[in-house]
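Visitor: File name model-v8.cif; file contents mmCIF, C-alpha atoms and all ligand atoms; full text below.
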data_work
loop_
_atom_site.label_atom_id
_atom_site.label_comp_id
_atom_site.auth_asym_id
_atom_site.auth_seq_id
_atom_site.Cartn_x
_atom_site.Cartn_y
_atom_site.Cartn_z
CA MET A 1379 37.73 -6.19 -2.79
CA THR A 1380 35.16 -8.57 -1.40
CA GLN A 1381 34.09 -11.15 -3.95
CA GLN A 1382 30.33 -11.67 -4.03
CA TYR A 1383 28.57 -14.92 -4.89
CA ARG A 1384 24.88 -15.76 -5.08
CA ILE A 1385 24.09 -19.29 -3.93
CA THR A 1386 20.70 -20.97 -4.27
CA LEU A 1387 20.11 -23.49 -1.48
CA LEU A 1388 17.89 -26.48 -2.22
CA PRO A 1389 17.57 -28.30 1.13
CA GLY A 1390 14.85 -30.64 -0.20
CA ASP A 1391 13.65 -33.50 1.98
CA GLY A 1392 14.65 -35.83 4.79
CA ILE A 1393 18.02 -34.97 6.27
CA GLY A 1394 18.46 -32.22 3.62
CA PRO A 1395 17.64 -29.23 5.86
CA GLU A 1396 19.93 -30.41 8.72
CA ILE A 1397 22.98 -30.91 6.52
CA THR A 1398 22.29 -27.69 4.62
CA ALA A 1399 22.39 -25.73 7.88
CA VAL A 1400 25.86 -27.10 8.64
CA ALA A 1401 27.16 -26.30 5.14
CA VAL A 1402 25.83 -22.74 5.36
CA ALA A 1403 27.53 -22.17 8.72
CA VAL A 1404 30.81 -23.46 7.30
CA LEU A 1405 30.49 -21.24 4.21
CA LYS A 1406 29.76 -18.17 6.34
CA THR A 1407 32.90 -18.74 8.40
CA ILE A 1408 35.10 -19.45 5.40
CA GLY A 1409 33.63 -16.40 3.66
CA GLN A 1410 34.81 -14.15 6.48
CA GLN A 1411 38.23 -15.76 6.51
CA PHE A 1412 38.77 -15.37 2.75
CA ASP A 1413 36.87 -12.13 2.21
CA LEU A 1414 34.09 -13.76 0.18
CA GLU A 1415 30.50 -12.64 0.52
CA PHE A 1416 27.81 -15.24 -0.03
CA SER A 1417 24.15 -14.39 -0.41
CA PHE A 1418 21.84 -17.36 0.09
CA THR A 1419 18.41 -17.84 -1.47
CA GLU A 1420 16.42 -20.87 -0.42
CA ALA A 1421 14.07 -22.60 -2.88
CA LEU A 1422 11.79 -25.62 -2.87
CA ILE A 1423 12.44 -28.92 -4.62
CA GLY A 1424 11.32 -32.54 -4.30
CA GLY A 1425 8.74 -33.62 -1.77
CA ALA A 1426 8.86 -30.27 0.03
CA ALA A 1427 7.93 -28.59 -3.26
CA ILE A 1428 5.21 -31.15 -3.99
CA ASP A 1429 3.60 -30.45 -0.60
CA ALA A 1430 3.77 -26.67 -1.07
CA THR A 1431 2.98 -26.30 -4.78
CA GLY A 1432 1.93 -29.67 -6.21
CA GLU A 1433 5.02 -30.08 -8.38
CA PRO A 1434 8.55 -31.30 -7.63
CA LEU A 1435 10.36 -28.50 -9.48
CA PRO A 1436 8.39 -25.23 -9.41
CA GLN A 1437 9.28 -22.67 -12.09
CA ALA A 1438 10.31 -20.25 -9.34
CA THR A 1439 12.98 -22.73 -8.19
CA LEU A 1440 14.48 -23.15 -11.65
CA ALA A 1441 14.42 -19.37 -12.10
CA ALA A 1442 16.19 -18.82 -8.75
CA CYS A 1443 18.86 -21.37 -9.72
CA LYS A 1444 19.40 -19.73 -13.10
CA ALA A 1445 19.83 -16.35 -11.43
CA SER A 1446 22.55 -17.59 -9.09
CA ASP A 1447 26.27 -18.34 -9.40
CA ALA A 1448 25.95 -21.86 -8.01
CA VAL A 1449 23.42 -24.20 -6.47
CA LEU A 1450 23.89 -26.24 -3.32
CA PHE A 1451 21.47 -29.13 -3.35
CA ALA A 1452 20.99 -31.53 -0.43
CA ALA A 1453 18.64 -34.45 -1.11
CA ILE A 1454 15.10 -35.30 -2.16
CA GLY A 1455 12.55 -38.04 -1.67
CA GLY A 1456 10.82 -39.94 1.11
CA TYR A 1457 8.22 -42.61 1.77
CA LYS A 1458 5.39 -40.09 1.60
CA TRP A 1459 5.91 -39.39 -2.11
CA ASP A 1460 6.96 -42.88 -3.24
CA ASN A 1461 3.63 -43.84 -4.75
CA LEU A 1462 2.89 -40.71 -6.77
CA PRO A 1463 2.79 -40.93 -10.59
CA ARG A 1464 6.24 -40.50 -12.17
CA GLU A 1465 5.71 -36.85 -13.29
CA GLN A 1466 5.01 -35.83 -9.71
CA ARG A 1467 7.75 -37.75 -8.01
CA PRO A 1468 10.66 -35.96 -6.29
CA GLU A 1469 13.15 -37.68 -8.66
CA THR A 1470 11.45 -35.99 -11.61
CA GLY A 1471 12.27 -32.65 -9.99
CA LEU A 1472 15.95 -33.55 -9.86
CA LEU A 1473 16.00 -34.71 -13.48
CA GLY A 1474 14.20 -31.50 -14.46
CA LEU A 1475 16.83 -29.45 -12.64
CA ARG A 1476 19.65 -31.25 -14.46
CA ALA A 1477 17.95 -30.80 -17.84
CA GLY A 1478 16.82 -27.23 -17.11
CA LEU A 1479 20.34 -26.09 -16.23
CA GLY A 1480 22.00 -28.18 -18.97
CA LEU A 1481 24.18 -30.01 -16.44
CA PHE A 1482 25.66 -32.61 -18.76
CA ALA A 1483 28.80 -33.39 -16.75
CA ASN A 1484 28.53 -35.09 -13.37
CA LEU A 1485 31.77 -35.42 -11.41
CA ARG A 1486 31.71 -38.02 -8.66
CA PRO A 1487 35.00 -38.44 -6.84
CA ALA A 1488 35.52 -41.60 -4.78
CA THR A 1489 38.48 -41.03 -2.54
CA ILE A 1490 39.22 -43.19 0.43
CA LEU A 1491 40.16 -41.23 3.53
CA PRO A 1492 42.90 -42.89 5.60
CA GLN A 1493 40.82 -42.39 8.78
CA LEU A 1494 37.92 -44.40 7.36
CA ILE A 1495 39.62 -47.33 5.62
CA ASP A 1496 38.17 -49.81 8.08
CA ALA A 1497 34.67 -48.61 7.22
CA SER A 1498 35.07 -50.19 3.76
CA SER A 1499 33.68 -53.68 3.28
CA LEU A 1500 36.76 -54.54 1.21
CA LYS A 1501 40.22 -55.43 2.49
CA ARG A 1502 42.55 -52.60 3.46
CA GLU A 1503 45.16 -53.53 0.83
CA VAL A 1504 42.52 -53.44 -1.92
CA VAL A 1505 41.15 -49.98 -1.10
CA GLU A 1506 44.04 -48.11 0.52
CA GLY A 1507 44.96 -45.20 -1.76
CA VAL A 1508 41.88 -45.44 -4.00
CA ASP A 1509 41.36 -42.12 -5.77
CA ILE A 1510 38.86 -42.27 -8.62
CA VAL A 1511 36.69 -39.70 -10.37
CA VAL A 1512 33.65 -40.95 -12.24
CA VAL A 1513 32.62 -38.51 -14.98
CA ARG A 1514 29.00 -39.39 -15.71
CA GLU A 1515 27.05 -37.98 -18.65
CA LEU A 1516 23.96 -36.54 -17.00
CA THR A 1517 21.44 -35.10 -19.47
CA GLY A 1518 21.27 -37.77 -22.17
CA GLY A 1519 21.25 -41.50 -22.72
CA ILE A 1520 18.40 -43.75 -21.65
CA TYR A 1521 17.31 -41.37 -18.88
CA PHE A 1522 16.09 -38.80 -21.39
CA GLY A 1523 15.92 -40.72 -24.72
CA LYS A 1524 12.72 -40.77 -26.77
CA PRO A 1525 10.55 -42.62 -27.61
CA LYS A 1526 9.65 -43.92 -24.20
CA GLY A 1527 6.53 -45.01 -22.44
CA ILE A 1528 4.16 -47.83 -21.62
CA VAL A 1529 1.68 -48.78 -24.38
CA GLU A 1530 -0.72 -51.58 -25.07
CA THR A 1531 0.15 -53.97 -27.90
CA GLU A 1532 -2.35 -55.56 -30.33
CA THR A 1533 -2.63 -58.58 -28.06
CA GLY A 1534 -3.69 -56.38 -25.16
CA GLU A 1535 -0.42 -56.92 -23.37
CA LYS A 1536 1.43 -53.90 -22.02
CA ARG A 1537 4.86 -52.93 -23.36
CA GLY A 1538 7.33 -50.63 -21.62
CA PHE A 1539 10.25 -49.05 -23.45
CA ASN A 1540 13.00 -46.44 -23.22
CA THR A 1541 15.62 -45.43 -25.75
CA MET A 1542 19.33 -45.22 -25.17
CA VAL A 1543 20.53 -42.53 -27.53
CA TYR A 1544 23.62 -40.32 -27.84
CA ASP A 1545 24.43 -37.81 -30.57
CA GLU A 1546 28.07 -37.27 -31.50
CA SER A 1547 28.04 -33.78 -30.02
CA GLU A 1548 26.76 -35.08 -26.67
CA VAL A 1549 29.56 -37.66 -26.52
CA ASP A 1550 32.18 -35.15 -27.60
CA ARG A 1551 31.40 -32.59 -24.91
CA ILE A 1552 31.49 -35.10 -22.04
CA ALA A 1553 34.61 -36.71 -23.53
CA LYS A 1554 36.31 -33.32 -23.54
CA VAL A 1555 35.46 -32.70 -19.88
CA ALA A 1556 36.76 -36.17 -18.96
CA PHE A 1557 40.03 -35.83 -20.90
CA GLU A 1558 40.66 -32.46 -19.26
CA ILE A 1559 40.06 -33.87 -15.79
CA ALA A 1560 42.30 -36.88 -16.52
CA GLN A 1561 44.97 -34.49 -17.76
CA LYS A 1562 44.99 -32.74 -14.37
CA ARG A 1563 45.10 -36.07 -12.52
CA ASN A 1564 47.10 -39.22 -13.33
CA LYS A 1565 46.44 -38.98 -17.07
CA ARG A 1566 44.58 -42.26 -17.33
CA LEU A 1567 41.04 -42.27 -18.70
CA CYS A 1568 38.90 -45.40 -18.84
CA SER A 1569 35.74 -45.17 -20.94
CA VAL A 1570 33.00 -47.61 -20.00
CA ASP A 1571 30.38 -48.81 -22.49
CA LYS A 1572 28.66 -51.92 -23.83
CA ALA A 1573 30.02 -51.72 -27.38
CA ASN A 1574 29.93 -55.50 -27.80
CA VAL A 1575 26.12 -55.31 -27.78
CA LEU A 1576 24.85 -51.74 -28.19
CA ASP A 1577 25.15 -49.54 -31.30
CA VAL A 1578 24.92 -46.41 -29.16
CA SER A 1579 28.01 -47.65 -27.30
CA GLN A 1580 29.92 -48.25 -30.54
CA LEU A 1581 29.35 -44.61 -31.48
CA TRP A 1582 30.42 -43.57 -27.95
CA ARG A 1583 33.64 -45.59 -28.27
CA ASP A 1584 34.44 -44.25 -31.76
CA ARG A 1585 34.05 -40.63 -30.58
CA LEU A 1586 36.22 -41.25 -27.51
CA ASN A 1587 38.95 -42.66 -29.75
CA LEU A 1588 38.71 -39.65 -32.04
CA MET A 1589 38.86 -37.20 -29.13
CA ALA A 1590 41.94 -39.01 -27.77
CA GLU A 1591 43.94 -37.63 -30.70
CA ASN A 1592 43.69 -34.17 -29.08
CA TYR A 1593 45.07 -35.48 -25.78
CA PRO A 1594 48.21 -37.46 -26.60
CA ASP A 1595 49.37 -37.22 -22.97
CA VAL A 1596 46.27 -39.05 -21.69
CA GLU A 1597 46.17 -42.84 -21.90
CA LEU A 1598 42.66 -43.91 -23.01
CA SER A 1599 41.34 -47.41 -22.34
CA HIS A 1600 37.91 -48.99 -22.81
CA LEU A 1601 36.01 -51.48 -20.69
CA TYR A 1602 32.61 -53.10 -21.07
CA VAL A 1603 30.37 -52.11 -18.19
CA ASP A 1604 30.02 -55.60 -16.73
CA ASN A 1605 33.79 -56.01 -16.63
CA ALA A 1606 34.19 -52.47 -15.25
CA ALA A 1607 31.84 -53.29 -12.37
CA MET A 1608 33.91 -56.38 -11.60
CA GLN A 1609 37.26 -54.57 -11.86
CA LEU A 1610 36.04 -51.77 -9.57
CA ILE A 1611 35.49 -54.30 -6.80
CA ARG A 1612 38.45 -56.56 -7.66
CA ALA A 1613 41.23 -54.01 -8.14
CA PRO A 1614 39.96 -50.43 -7.84
CA LYS A 1615 43.43 -48.87 -7.79
CA GLN A 1616 43.80 -49.51 -11.54
CA PHE A 1617 41.32 -46.65 -12.13
CA ASP A 1618 42.05 -42.93 -12.25
CA THR A 1619 39.33 -41.15 -14.27
CA ILE A 1620 36.29 -43.05 -15.59
CA VAL A 1621 33.95 -41.60 -18.23
CA THR A 1622 30.62 -43.20 -19.02
CA GLY A 1623 27.00 -42.61 -20.00
CA ASN A 1624 24.11 -41.71 -17.76
CA LEU A 1625 22.81 -45.16 -16.72
CA PHE A 1626 26.18 -46.90 -16.43
CA GLY A 1627 27.47 -43.89 -14.51
CA ASP A 1628 24.56 -44.07 -12.08
CA ILE A 1629 25.40 -47.68 -11.27
CA LEU A 1630 29.19 -47.50 -11.29
CA SER A 1631 29.31 -44.34 -9.17
CA ASP A 1632 27.36 -46.10 -6.41
CA ALA A 1633 29.76 -49.04 -6.60
CA ALA A 1634 32.77 -46.69 -6.53
CA ALA A 1635 31.23 -44.83 -3.59
CA MET A 1636 30.97 -48.00 -1.55
CA LEU A 1637 34.68 -48.74 -2.02
CA THR A 1638 35.21 -45.87 0.39
CA GLY A 1639 32.85 -47.51 2.86
CA SER A 1640 30.92 -44.37 3.55
CA ILE A 1641 28.52 -42.85 1.06
CA GLY A 1642 27.95 -40.20 3.74
CA MET A 1643 31.34 -38.69 2.87
CA LEU A 1644 31.12 -38.20 -0.89
CA PRO A 1645 30.40 -34.92 -2.68
CA SER A 1646 29.60 -34.38 -6.35
CA ALA A 1647 29.41 -31.61 -8.91
CA SER A 1648 27.15 -31.27 -11.94
CA LEU A 1649 28.33 -28.79 -14.54
CA GLY A 1650 27.04 -27.40 -17.83
CA ALA A 1651 28.61 -25.43 -20.64
CA ASP A 1652 27.82 -22.18 -18.84
CA GLY A 1653 25.49 -21.10 -16.04
CA PRO A 1654 25.52 -22.29 -12.45
CA GLY A 1655 26.82 -25.69 -11.39
CA VAL A 1656 24.91 -27.83 -8.91
CA TYR A 1657 26.79 -29.32 -5.96
CA GLU A 1658 25.31 -32.18 -4.00
CA PRO A 1659 26.23 -35.07 -1.74
CA VAL A 1660 26.06 -38.47 -3.43
CA HIS A 1661 23.86 -39.86 -0.65
CA GLY A 1662 20.10 -39.50 -0.51
CA SER A 1663 17.57 -38.00 1.89
CA ALA A 1664 17.75 -40.83 4.48
CA PRO A 1665 14.12 -40.44 5.62
CA ASP A 1666 14.65 -43.08 8.35
CA ILE A 1667 16.90 -40.73 10.34
CA ALA A 1668 15.51 -37.35 9.24
CA GLY A 1669 15.01 -34.74 11.95
CA GLN A 1670 16.87 -36.77 14.58
CA ASP A 1671 20.23 -34.99 14.42
CA LYS A 1672 21.89 -38.22 13.27
CA ALA A 1673 22.88 -37.29 9.71
CA ASN A 1674 26.46 -37.01 8.51
CA PRO A 1675 26.88 -33.47 7.14
CA LEU A 1676 30.40 -34.05 5.74
CA ALA A 1677 29.43 -34.95 2.16
CA MET A 1678 27.36 -31.77 2.00
CA VAL A 1679 30.22 -29.72 3.43
CA LEU A 1680 32.63 -31.28 0.93
CA SER A 1681 30.14 -30.44 -1.83
CA ALA A 1682 30.34 -26.81 -0.72
CA ALA A 1683 34.12 -27.10 -1.00
CA MET A 1684 33.76 -28.42 -4.55
CA MET A 1685 31.56 -25.42 -5.31
CA LEU A 1686 34.30 -23.07 -4.11
CA ARG A 1687 36.84 -24.87 -6.28
CA TYR A 1688 34.92 -25.41 -9.53
CA SER A 1689 32.41 -22.56 -9.69
CA PHE A 1690 34.15 -19.79 -7.73
CA ASP A 1691 37.79 -20.60 -8.44
CA GLN A 1692 38.69 -20.36 -4.74
CA PRO A 1693 40.98 -23.38 -4.29
CA ALA A 1694 42.51 -22.15 -1.02
CA ALA A 1695 39.11 -21.75 0.64
CA ALA A 1696 38.07 -25.18 -0.69
CA ALA A 1697 41.25 -26.79 0.62
CA LYS A 1698 40.71 -25.23 4.04
CA ILE A 1699 37.27 -26.82 4.31
CA GLU A 1700 38.65 -30.18 3.17
CA GLN A 1701 41.40 -29.87 5.75
CA ALA A 1702 38.84 -29.12 8.47
CA VAL A 1703 37.02 -32.34 7.56
CA GLN A 1704 40.28 -34.26 7.94
CA THR A 1705 40.91 -32.55 11.27
CA VAL A 1706 37.58 -33.51 12.83
CA LEU A 1707 38.09 -37.10 11.67
CA ASP A 1708 41.62 -37.10 13.10
CA GLN A 1709 40.14 -35.84 16.37
CA GLY A 1710 37.97 -38.97 16.36
CA TYR A 1711 34.53 -37.42 15.80
CA ARG A 1712 32.13 -39.71 13.93
CA THR A 1713 28.46 -39.65 13.01
CA GLY A 1714 26.63 -42.98 13.24
CA ASP A 1715 27.23 -44.02 9.61
CA ILE A 1716 31.03 -43.92 10.00
CA MET A 1717 31.26 -44.83 13.68
CA SER A 1718 33.83 -47.41 14.73
CA PRO A 1719 35.00 -48.63 18.15
CA GLY A 1720 37.03 -46.12 20.15
CA MET A 1721 35.74 -43.09 18.25
CA ILE A 1722 33.58 -40.28 19.61
CA ALA A 1723 29.94 -40.38 18.49
CA VAL A 1724 28.46 -37.01 17.55
CA GLY A 1725 25.26 -35.81 15.91
CA CYS A 1726 24.89 -33.65 12.83
CA GLN A 1727 24.87 -30.34 14.69
CA ALA A 1728 27.82 -31.21 16.91
CA MET A 1729 29.80 -32.31 13.88
CA GLY A 1730 29.09 -28.87 12.42
CA GLU A 1731 30.37 -27.19 15.59
CA LYS A 1732 33.56 -29.28 15.49
CA LEU A 1733 34.09 -28.21 11.89
CA LEU A 1734 33.70 -24.54 12.80
CA ALA A 1735 36.22 -25.01 15.62
CA ALA A 1736 38.64 -26.65 13.18
CA LEU A 1737 38.25 -23.72 10.77
CA GLY A 1738 39.27 -21.32 13.51
CA PRO A 1739 38.00 -17.83 14.32
CA ALA A 1740 35.86 -16.21 11.66
CA MET A 1741 37.68 -12.89 11.43
CA GLN A 1742 41.09 -14.34 10.65
CA SER A 1743 43.45 -13.27 7.78
C1 LIG A 1801 21.71 -40.22 -8.61
C2 LIG A 1801 20.32 -40.73 -8.29
C3 LIG A 1801 19.37 -40.17 -9.33
C4 LIG A 1801 19.78 -40.74 -10.66
C5 LIG A 1801 17.87 -40.42 -9.06
C6 LIG A 1801 17.46 -39.96 -7.69
C7 LIG A 1801 17.00 -39.81 -10.12
O1 LIG A 1801 20.32 -42.11 -8.23
O2 LIG A 1801 21.90 -38.99 -8.62
O3 LIG A 1801 22.58 -41.04 -8.85
O4 LIG A 1801 19.38 -41.86 -11.03
O5 LIG A 1801 20.51 -40.04 -11.38
MG MG A 1802 22.24 -43.01 -8.36
#
Written as structure tokens, how would this file's structure read?
Guide:
Amino acid sequence: MTQQYRITLLPGDGIGPEITAVAVAVLKTIGQQFDLEFSFTEALIGGAAIDATGEPLPQATLAACKASDAVLFAAIGGYKWDNLPREQRPETGLLGLRAGLGLFANLRPATILPQLIDASSLKREVVEGVDIVVVRELTGGIYFGKPKGIVETETGEKRGFNTMVYDESEVDRIAKVAFEIAQKRNKRLCSVDKANVLDVSQLWRDRLNLMAENYPDVELSHLYVDNAAMQLIRAPKQFDTIVTGNLFGDILSDAAAMLTGSIGMLPSASLGADGPGVYEPVHGSAPDIAGQDKANPLAMVLSAAMMLRYSFDQPAAAAKIEQAVQTVLDQGYRTGDIMSPGMIAVGCQAMGEKLLAALGPAMQS
């Protein structure tokens, strides 16, 4: 029987629409090959939504996402909307989507592909074989903590403040996700905090230690965030699974991404307790190259593969997409961001066509 899945597409801004088109074409082909039927609904988010409706996350978009089995999100933001007040900025739409769907667990793999090792700014021997997953808490911490704001003090000076706050239950649920991921990988979990300074981090560390009792096969370690940043650059292969809060995860996942040399290659998944997951490339909307057929669609395509694996439980279809990505790289095709001497330069659309060729005829098996 044909399996049916409803996917909400959020192309957003900048290069978003171009890379979304490639991912949709890949999904359609893989759907025919594996007898999966995808129905796509497109909705507005970010700057595109601001232009059309005045707000970055229209109710209709959140409703469409809630009514689907998974969400494929491309990127938001651009120069045009950079100077709007915070509530109207594209980023606020993304944070609203995360909160609205309860996506507390953000999985950001940083895997170095053998074909792209020389794209890394670090030495080959440091990065070869790097395979890390950053599990970032996504709906709490200082991003969402209250009180927050900018007020005027008695002296007439302005004061800005945010609150870094975690409840035990928020730490426990992300800890559980991280332990389970570590269990399926190399069974090493490193929790990153700032427990030498912050009370909220001490609570985080205590809960991680408590949770560890349920996972005797996983080796738990702790690092302070400053040291973790240093270790990621110094000796990244010591890491397997990293779990951390929202702000530290934002920073460390960018650092981990750059180990691989190519942020244009990295997918991510954001998951909640139930309801649809959101799958998105780690990179942004790249407004400088938008609409010029220069974007690298591979992170978006790999995000679609993650969707097949985590939300639809279709590991074979996911693996076939990942294999197709390896194939086009082996064939030497490169978009500008990962170009190196001797390789064949292609645009976004052509890269999509090469992927479809690597997947083979649609009506197979
Ligand atoms: C990310 C981004 C977002 C974040 C921004 C765009 C709000 O940097 O997904 O890492 O800070 O979470
Ligand atoms: Mg970030």
Visitor: Kindly indicate which residue among A:Ile1428, A:Leu1686, A:Ala1453, A:Ala1723 lies nearest to Ser1663 of chain A, using all atoms listed in the file for the distances.
Guide: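 The answer is A:Ala1453, which sits nearest to Ser1663 of chain A.
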Visitor: Measuring between all atoms listed in the file, which one of A:Asn1592, A:Thr1541, A:Thr1638, A:Gln1466 shows the shortest distance to Pro1614 of chain A?
Guide: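 Nearest candidate to Pro1614 of chain A out of A:Asn1592, A:Thr1541, A:Thr1638, A:Gln1466: A:Thr1638.
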Visitor: Give the answer as one residue: which of A:Phe1451, A:Tyr1688, A:Phe1522, A:Tyr1544 has the shortest atom-to-atom distance to Leu1649 of chain A, using only C-alpha atoms?
Guide: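 For Leu1649 of chain A, the nearest of the given residues is A:Tyr1688.
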Visitor: Neighbouring residues of ligand LIG 1801 (chain A) are defined here as those with any atom at most 7 Å from a ligand atom, counting only C-alpha atoms and all ligand atoms; list them as a list in words.
Guide: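 If we count only C-alpha atoms and all ligand atoms, the neighbours of ligand LIG 1801 (chain A) turn out to be Glu1469, Thr1470, Leu1472, Leu1473, Asp1628 and Val1660 of chain A.
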Visitor: Would you output that residue set with C-alpha atoms, as a compact mmCIF listing (two decimals), keeping the file's coordinate frame?
Guide:
# COMPACT_ATOMS: atom_id res chain seq x y z
CA GLU A 1469 13.15 -37.68 -8.66
CA THR A 1470 11.45 -35.99 -11.61
CA LEU A 1472 15.95 -33.55 -9.86
CA LEU A 1473 16.00 -34.71 -13.48
CA ASP A 1628 24.56 -44.07 -12.08
CA VAL A 1660 26.06 -38.47 -3.43
Visitor: Tell me which of A:Val1511, A:Ala1673, A:Ile1629, A:Ala1556 sits closest to ligand MG 1802 (chain A), counting only C-alpha atoms and all ligand atoms.
Guide: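 Of all the options, A:Ile1629 lies closest to ligand MG 1802 (chain A).
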Visitor: Grab me every residue within 9 Å of ligand MG 1802 (chain A), counting only C-alpha atoms and all ligand atoms, and send it over as a list in words.
Guide: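 Here is the list of contacting residues: Leu1625, Gly1627, Asp1628, Ile1629, Leu1630, Ser1631, Asp1632, Val1660, His1661 and Gly1662 of chain A.
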Visitor: Have segment 1691-1697 of chain A completed to all heavy atoms, please, and pass it along as a CSV table (one decimal), in the coordinates of the input.
Guide:
chain,number,residue,atom,x,y,z
A,1691,ASP,N,36.3,-20.7,-8.3
A,1691,ASP,CA,37.8,-20.6,-8.4
A,1691,ASP,C,38.5,-20.1,-7.2
A,1691,ASP,O,39.3,-19.2,-7.2
A,1691,ASP,CB,38.1,-19.7,-9.6
A,1691,ASP,CG,39.6,-20.0,-10.1
A,1691,ASP,OD1,40.1,-21.0,-9.8
A,1691,ASP,OD2,40.2,-19.0,-10.8
A,1692,GLN,N,38.1,-20.7,-6.0
A,1692,GLN,CA,38.7,-20.4,-4.7
A,1692,GLN,C,39.3,-21.6,-4.1
A,1692,GLN,O,38.9,-22.1,-3.1
A,1692,GLN,CB,37.6,-19.8,-3.8
A,1692,GLN,CG,37.0,-18.5,-4.2
A,1692,GLN,CD,37.9,-17.3,-4.1
A,1692,GLN,OE1,38.9,-17.4,-3.4
A,1692,GLN,NE2,37.6,-16.3,-4.8
A,1693,PRO,N,40.4,-22.1,-4.7
A,1693,PRO,CA,41.0,-23.4,-4.3
A,1693,PRO,C,41.5,-23.3,-2.8
A,1693,PRO,O,41.4,-24.4,-2.1
A,1693,PRO,CB,42.1,-23.6,-5.3
A,1693,PRO,CG,42.4,-22.3,-5.9
A,1693,PRO,CD,41.1,-21.6,-5.9
A,1694,ALA,N,42.0,-22.2,-2.4
A,1694,ALA,CA,42.5,-22.2,-1.0
A,1694,ALA,C,41.4,-22.3,0.0
A,1694,ALA,O,41.5,-23.0,1.0
A,1694,ALA,CB,43.3,-20.8,-0.8
A,1695,ALA,N,40.3,-21.6,-0.3
A,1695,ALA,CA,39.1,-21.8,0.6
A,1695,ALA,C,38.6,-23.2,0.6
A,1695,ALA,O,38.2,-23.8,1.7
A,1695,ALA,CB,38.0,-20.8,0.2
A,1696,ALA,N,38.5,-23.8,-0.6
A,1696,ALA,CA,38.1,-25.2,-0.7
A,1696,ALA,C,39.0,-26.1,0.1
A,1696,ALA,O,38.5,-27.0,0.9
A,1696,ALA,CB,38.0,-25.6,-2.2
A,1697,ALA,N,40.3,-25.9,-0.1
A,1697,ALA,CA,41.2,-26.8,0.6
A,1697,ALA,C,41.1,-26.6,2.1
A,1697,ALA,O,41.3,-27.6,2.9
A,1697,ALA,CB,42.7,-26.5,0.2
